[in-house]
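With CSV, C-alpha atoms inside, this is model_17.csv:
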chain,number,residue,atom,x,y,z
A,401,LEU,CA,-81.4,-86.7,17.1
A,402,ILE,CA,-80.0,-84.2,19.6
A,403,SER,CA,-77.9,-82.2,17.2
A,404,THR,CA,-80.7,-81.9,14.7
A,405,ALA,CA,-83.1,-80.8,17.5
A,406,VAL,CA,-80.7,-78.0,18.4
A,407,ARG,CA,-80.4,-77.0,14.8
A,408,PHE,CA,-84.2,-77.0,14.5
A,409,SER,CA,-84.3,-74.6,17.4
A,410,ARG,CA,-81.8,-72.4,15.6
A,411,GLY,CA,-84.0,-72.2,12.5
A,412,ASP,CA,-82.5,-74.9,10.3
A,413,THR,CA,-85.7,-76.9,10.0
A,414,ASN,CA,-85.6,-77.1,6.2
A,415,GLU,CA,-81.9,-77.8,5.9
A,416,HIS,CA,-80.2,-81.2,5.5
A,417,HIS,CA,-78.9,-83.1,8.5
A,418,THR,CA,-76.8,-86.2,8.3
A,419,MET,CA,-75.2,-88.8,10.5
A,420,ILE,CA,-72.9,-91.5,9.1
A,421,ILE,CA,-72.2,-95.0,10.5
A,422,ASN,CA,-69.3,-96.8,9.0
A,423,VAL,CA,-68.3,-99.9,10.9
A,424,SER,CA,-67.5,-102.5,8.1
A,425,HIS,CA,-67.1,-102.8,4.4
A,426,LEU,CA,-69.1,-106.0,4.4
A,427,SER,CA,-72.8,-105.7,3.3
A,428,ALA,CA,-73.9,-108.5,5.6
A,429,VAL,CA,-72.6,-106.7,8.7
A,430,GLN,CA,-74.1,-103.4,7.5
A,431,ASN,CA,-77.5,-105.0,7.1
A,432,LYS,CA,-77.4,-106.4,10.6
A,433,VAL,CA,-76.5,-103.0,12.0
A,434,LYS,CA,-79.3,-101.5,9.9
A,435,GLU,CA,-81.8,-103.8,11.6
A,436,LYS,CA,-80.6,-102.7,15.1
A,437,ILE,CA,-80.8,-99.0,14.1
A,438,ASP,CA,-84.3,-99.5,12.7
A,439,GLU,CA,-85.4,-101.1,16.0
A,440,TYR,CA,-83.8,-98.3,18.0
A,441,LEU,CA,-85.3,-95.5,15.9
A,442,GLU,CA,-88.8,-97.1,16.2
A,443,GLU,CA,-88.3,-97.3,20.0
A,444,LEU,CA,-87.3,-93.6,20.1
A,445,LYS,CA,-90.3,-92.6,17.9
A,446,ASP,CA,-92.8,-94.5,20.0
A,447,THR,CA,-91.4,-92.9,23.2
A,448,LEU,CA,-91.4,-89.4,21.8
A,449,ILE,CA,-95.0,-89.8,20.6
A,450,ALA,CA,-96.0,-91.0,24.0
A,451,THR,CA,-94.3,-88.0,25.7
A,452,LYS,CA,-95.2,-85.4,23.1
A,453,GLY,CA,-96.4,-82.2,24.8
A,454,SER,CA,-95.2,-83.3,28.2
A,455,ASP,CA,-93.2,-81.1,30.6
A,456,ALA,CA,-89.6,-81.5,29.6
A,457,GLN,CA,-88.5,-82.3,33.2
A,458,ARG,CA,-91.4,-84.7,33.9
A,459,ALA,CA,-90.7,-86.5,30.7
A,460,ARG,CA,-87.4,-87.6,32.1
A,461,GLU,CA,-89.2,-90.1,34.3
A,462,ASN,CA,-89.2,-92.2,31.1
A,463,LYS,CA,-85.9,-94.2,30.9
A,464,ILE,CA,-85.4,-93.5,27.2
A,465,ILE,CA,-86.0,-89.8,27.6
A,466,GLU,CA,-83.7,-89.7,30.6
A,467,LYS,CA,-81.0,-91.4,28.5
A,468,ILE,CA,-81.3,-88.7,25.8
A,469,HIS,CA,-81.1,-86.0,28.5
A,470,GLU,CA,-78.0,-87.6,30.0
A,471,THR,CA,-76.4,-87.7,26.5
A,472,PHE,CA,-77.3,-84.1,26.0
A,473,ASP,CA,-75.7,-83.0,29.3
A,474,TYR,CA,-72.6,-85.2,28.8
A,475,VAL,CA,-71.8,-84.6,25.1
A,476,TYR,CA,-72.8,-81.1,24.3
A,477,GLU,CA,-71.5,-77.7,25.7
A,478,ILE,CA,-73.9,-75.3,24.0
A,479,PRO,CA,-76.1,-72.4,25.0
A,480,GLU,CA,-79.4,-74.3,24.4
A,481,ASP,CA,-81.1,-75.9,27.5
A,482,TRP,CA,-82.9,-79.2,27.8
A,483,GLU,CA,-86.4,-77.7,27.5
A,484,THR,CA,-85.4,-76.2,24.1
A,485,VAL,CA,-84.1,-79.5,22.8
A,486,PHE,CA,-87.0,-81.6,24.1
A,487,ALA,CA,-89.5,-79.4,22.4
A,488,GLU,CA,-88.0,-80.3,19.0
A,489,LEU,CA,-87.2,-84.0,19.5
A,490,TYR,CA,-90.6,-85.4,18.3
A,491,LYS,CA,-90.4,-83.3,15.1
A,492,VAL,CA,-86.9,-84.6,14.4
A,493,ALA,CA,-87.7,-88.3,15.1
A,494,ASN,CA,-90.7,-88.0,12.8
A,495,LYS,CA,-88.5,-86.9,9.9
A,496,ILE,CA,-85.5,-89.2,10.3
A,497,LYS,CA,-84.8,-91.7,7.5
A,498,GLN,CA,-82.2,-94.4,7.4
A,499,PHE,CA,-80.2,-95.2,4.2
A,500,SER,CA,-78.0,-98.2,3.6
A,501,ILE,CA,-75.5,-97.5,0.9
A,502,ASN,CA,-74.0,-100.7,-0.5
A,503,VAL,CA,-74.3,-102.9,-3.6
A,504,SER,CA,-77.0,-105.1,-2.2
A,505,SER,CA,-79.2,-102.2,-1.0
A,506,PRO,CA,-81.9,-100.5,-3.1
A,507,ASP,CA,-81.6,-97.3,-1.0
A,508,ARG,CA,-80.6,-94.2,-2.9
A,509,LEU,CA,-79.5,-91.1,-1.0
A,510,ASP,CA,-80.8,-88.1,-3.0
A,511,TYR,CA,-80.8,-84.8,-1.1
A,512,ASN,CA,-82.3,-83.0,-4.1
A,513,ALA,CA,-85.6,-85.0,-3.6
A,514,TYR,CA,-85.9,-83.2,-0.2
A,515,SER,CA,-84.7,-79.8,-1.3
A,516,GLU,CA,-87.8,-78.0,0.1
A,517,THR,CA,-88.3,-79.8,3.4
A,518,GLY,CA,-84.7,-80.9,4.1
A,519,LEU,CA,-83.6,-84.5,4.8
A,520,ILE,CA,-82.6,-86.0,8.1
A,521,ALA,CA,-80.5,-89.0,7.2
A,522,VAL,CA,-78.8,-91.7,9.1
A,523,VAL,CA,-76.5,-93.1,6.4
A,524,LEU,CA,-75.0,-96.6,6.9
A,525,GLY,CA,-72.3,-97.9,4.6
A,526,GLY,CA,-68.7,-98.9,3.9
A,527,HIS,CA,-66.5,-98.2,0.9
A,528,LYS,CA,-68.8,-95.6,-0.6
A,529,LEU,CA,-68.9,-93.6,2.6
A,530,SER,CA,-65.1,-93.8,2.9
A,531,ARG,CA,-64.4,-91.8,-0.2
A,532,GLY,CA,-66.0,-89.9,-3.0
A,533,MET,CA,-69.4,-89.2,-1.5
A,534,THR,CA,-70.8,-85.8,-0.5
A,535,LEU,CA,-72.9,-85.8,2.7
A,536,GLU,CA,-75.0,-82.7,3.3
A,537,GLY,CA,-75.2,-81.2,6.8
A,538,LEU,CA,-72.9,-83.8,8.3
A,539,SER,CA,-72.8,-83.4,12.1
A,540,VAL,CA,-72.2,-86.9,13.6
A,541,SER,CA,-69.7,-89.5,12.4
A,542,TYR,CA,-69.6,-92.9,13.9
A,543,PHE,CA,-66.5,-94.4,12.3
A,544,ALA,CA,-65.1,-97.7,13.4
A,545,ARG,CA,-63.1,-98.7,10.3
A,546,ASN,CA,-59.4,-98.3,9.8
A,547,SER,CA,-56.6,-98.5,7.2
A,548,LYS,CA,-52.8,-98.8,7.4
A,549,MET,CA,-52.3,-96.4,4.5
A,550,TYR,CA,-51.9,-92.7,5.2
A,551,ASP,CA,-53.7,-91.6,2.0
A,552,THR,CA,-56.6,-94.0,2.6
A,553,LEU,CA,-57.1,-92.7,6.1
A,554,MET,CA,-57.2,-89.2,4.9
A,555,GLN,CA,-59.7,-90.0,2.2
A,556,MET,CA,-61.9,-91.6,4.8
A,557,CYS,CA,-62.2,-88.3,6.7
A,558,ARG,CA,-65.7,-87.0,6.2
A,559,TRP,CA,-65.8,-84.5,9.1
A,560,PHE,CA,-64.3,-81.4,7.5
A,561,GLY,CA,-66.0,-78.2,6.2
A,562,TYR,CA,-68.6,-77.7,8.9
A,563,ARG,CA,-70.9,-74.7,8.7
A,564,ASP,CA,-70.7,-71.9,11.3
A,565,ASN,CA,-74.3,-72.4,12.5
A,566,TYR,CA,-73.6,-75.9,13.8
A,567,ARG,CA,-69.9,-76.2,14.3
A,568,ASP,CA,-70.4,-76.7,18.0
A,569,LEU,CA,-72.7,-79.7,17.4
A,570,CYS,CA,-70.3,-81.8,15.3
A,571,LYS,CA,-69.1,-85.0,16.9
A,572,VAL,CA,-66.8,-87.7,15.6
A,573,TYR,CA,-66.8,-91.1,17.3
A,574,LEU,CA,-63.6,-93.2,16.7
A,575,PRO,CA,-61.9,-96.2,18.3
A,576,PRO,CA,-58.8,-95.2,20.3
A,577,VAL,CA,-56.4,-96.7,17.8
A,578,SER,CA,-57.9,-94.6,15.0
A,579,ILE,CA,-57.5,-91.5,17.2
A,580,ASP,CA,-53.8,-92.3,17.7
A,581,TRP,CA,-53.3,-92.9,14.0
A,582,TYR,CA,-54.9,-89.6,13.0
A,583,LYS,CA,-52.8,-87.8,15.6
A,584,HIS,CA,-49.7,-89.3,14.0
A,585,ILE,CA,-50.8,-88.3,10.5
A,586,SER,CA,-51.6,-84.8,11.6
A,587,ARG,CA,-48.2,-84.4,13.1
A,588,ALA,CA,-46.5,-85.9,10.0
A,589,ILE,CA,-48.4,-83.5,7.7
A,590,ASN,CA,-47.6,-80.5,9.8
A,591,GLU,CA,-43.9,-81.4,9.8
A,592,LEU,CA,-44.0,-81.7,6.0
A,593,TYR,CA,-45.6,-78.3,5.7
A,594,ASP,CA,-42.8,-76.9,7.9
A,595,ASP,CA,-40.2,-78.5,5.7
A,596,LEU,CA,-41.9,-77.1,2.6
A,597,GLU,CA,-41.8,-73.6,4.1
A,598,GLU,CA,-38.1,-74.0,5.1
A,599,MET,CA,-37.3,-75.3,1.6
A,600,ALA,CA,-39.0,-72.2,0.0
A,601,ALA,CA,-37.2,-69.9,2.4
A,602,GLN,CA,-33.9,-71.3,1.3
A,603,HIS,CA,-35.0,-71.1,-2.4
A,604,LYS,CA,-34.3,-74.8,-2.9
A,605,THR,CA,-36.3,-77.6,-4.6
A,606,PRO,CA,-37.1,-81.1,-3.5
A,607,LYS,CA,-34.2,-82.3,-5.6
A,608,ASN,CA,-31.6,-80.6,-3.4
A,609,PHE,CA,-33.5,-80.1,-0.1
A,610,GLY,CA,-34.4,-83.6,1.0
A,611,LEU,CA,-38.1,-83.6,2.0
A,612,LYS,CA,-39.2,-86.4,4.4
A,613,VAL,CA,-42.4,-87.8,5.8
A,614,ARG,CA,-42.4,-89.2,9.4
A,615,SER,CA,-42.8,-93.0,9.5
A,616,HIS,CA,-45.0,-94.7,12.0
A,617,PRO,CA,-43.3,-97.0,14.6
A,618,GLU,CA,-46.0,-99.7,14.2
A,619,ALA,CA,-48.5,-100.3,11.4
A,620,LEU,CA,-49.0,-97.2,9.3
So that I can check it, write out the structure of this file as structure tokens.
Amino acid sequence: LISTAVRFSRGDTNEHHTMIINVSHLSAVQNKVKEKIDEYLEELKDTLIATKGSDAQRARENKIIEKIHETFDYVYEIPEDWETVFAELYKVANKIKQFSINVSSPDRLDYNAYSETGLIAVVLGGHKLSRGMTLEGLSVSYFARNSKMYDTLMQMCRWFGYRDNYRDLCKVYLPPVSIDWYKHISRAINELYDDLEEMAAQHKTPKNFGLKVRSHPEAL
């Protein structure tokens, strides 16, 4: 809601905006999460309708608006101020759509159907979100799933390739263990790149150089 409001203020009103929520590969769990998100979005919309046109500072007397303001202050370090963001919140909430992407859901995420107006999508899913799916205008990733395989973790990454106009708005929410594992993988990959450069400098091949990949002391 906040990142899209900022992008609206920057002129990206007809662009696509996406948030992903990937907490489980089980459709039953996804469906329960979807219900909670639907309830939350309705609460947000009702509140923003009620405070539409209000002074941005006075609107903070509403507990939900104040929570949005606290999140804006705590999470974002950007040039836009609260008044600028608040002015766009109602328009954003009015356009948000939620999609559940799994085998038991009839939802179909089709950005082309919104090519003229832009789509603001909260996309909930599991396996399909982990790999092989393009998400337009991705700015927020809430990702609580994990894997013990290096390659699977890398394929799960959906937070690369951000555009310059909203690079400062992109957020990734991960559990601590995932952050530690991605740090390890990043280190292992960088070390492998260094080895490849050293091998090339010595004019050797993998057959006679001895490339290696750092192992993980625990689970990976």
Nearest to Glu598 in chain A among A:Leu611, A:Ala487, A:Ala619, A:Ala456, with distances taken over all atoms listed in the file: which residue is it?
A:Leu611
Just how far from CA of Ser539 in chain A is CA of Gln498 in chain A, in Å to one decimal?
15.2 Å
Would you work out the distance separating CA of Glu480 in chain A from CA of Val406 in chain A, expressed in Å to one decimal?
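For CA of Glu480 in chain A relative to CA of Val406 in chain A, the distance reads 7.2 Å.
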Taking a cut-off of 8 Å and counting all atoms listed in the file, can you build a table that, for each residue of range 541-611 of chain A near range 419-432 of chain A, reports the nearest atom pair and how far apart they are in Å (one decimal), sorted by chain then residue number, as JSON lines?
{"residue": "A:Ser541", "atom": "CA", "partner": "A:Ile420", "partner_atom": "CA", "distance": 5.0}
{"residue": "A:Tyr542", "atom": "CA", "partner": "A:Ile421", "partner_atom": "CA", "distance": 4.8}
{"residue": "A:Phe543", "atom": "CA", "partner": "A:Asn422", "partner_atom": "CA", "distance": 4.9}
{"residue": "A:Ala544", "atom": "CA", "partner": "A:Val423", "partner_atom": "CA", "distance": 4.6}
{"residue": "A:Arg545", "atom": "CA", "partner": "A:Val423", "partner_atom": "CA", "distance": 5.4}
My list of candidates is A:Leu448, A:Val577, A:Met599, A:Leu592. Which is closest to Asn462 in chain A when distances are computed with all atoms listed in the file?
A:Leu448
Which neighbours of Ser500 in chain A fall inside 10 Å, counting all atoms listed in the file, when residues of the same chain fewer than 5 positions from it are skipped, and could you give them as number ranges by chain?
A: 421, 427, 430-431, 433-434, 505-509, 522-526
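Among the candidates A:Trp482, A:Leu538, A:Phe408, A:Ala601, the one nearest to Arg458 in chain A when counting only C-alpha atoms is A:Trp482.
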At what distance in Å, to one decimal, does CA of Val613 in chain A lie from CA of Glu591 in chain A?
7.7 Å
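The smallest atom-to-atom distance between Val485 in chain A and any of A:Glu435, A:Asp568, A:Asp551, A:Asp473, using all atoms listed in the file, is found for A:Asp473.
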Compare A:Glu483, A:Leu489, A:Gln457, A:Glu442 by their minimum atom-to-atom distance to Thr404 in chain A, counting all atoms listed in the file, and give me the closest one.
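So, comparing all the options, the nearest one is A:Leu489.
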Could you tell me which of A:Lys491, A:Ser615, A:His417, A:Asn565 comes closest to Leu535 in chain A if we count all atoms listed in the file?
A:His417
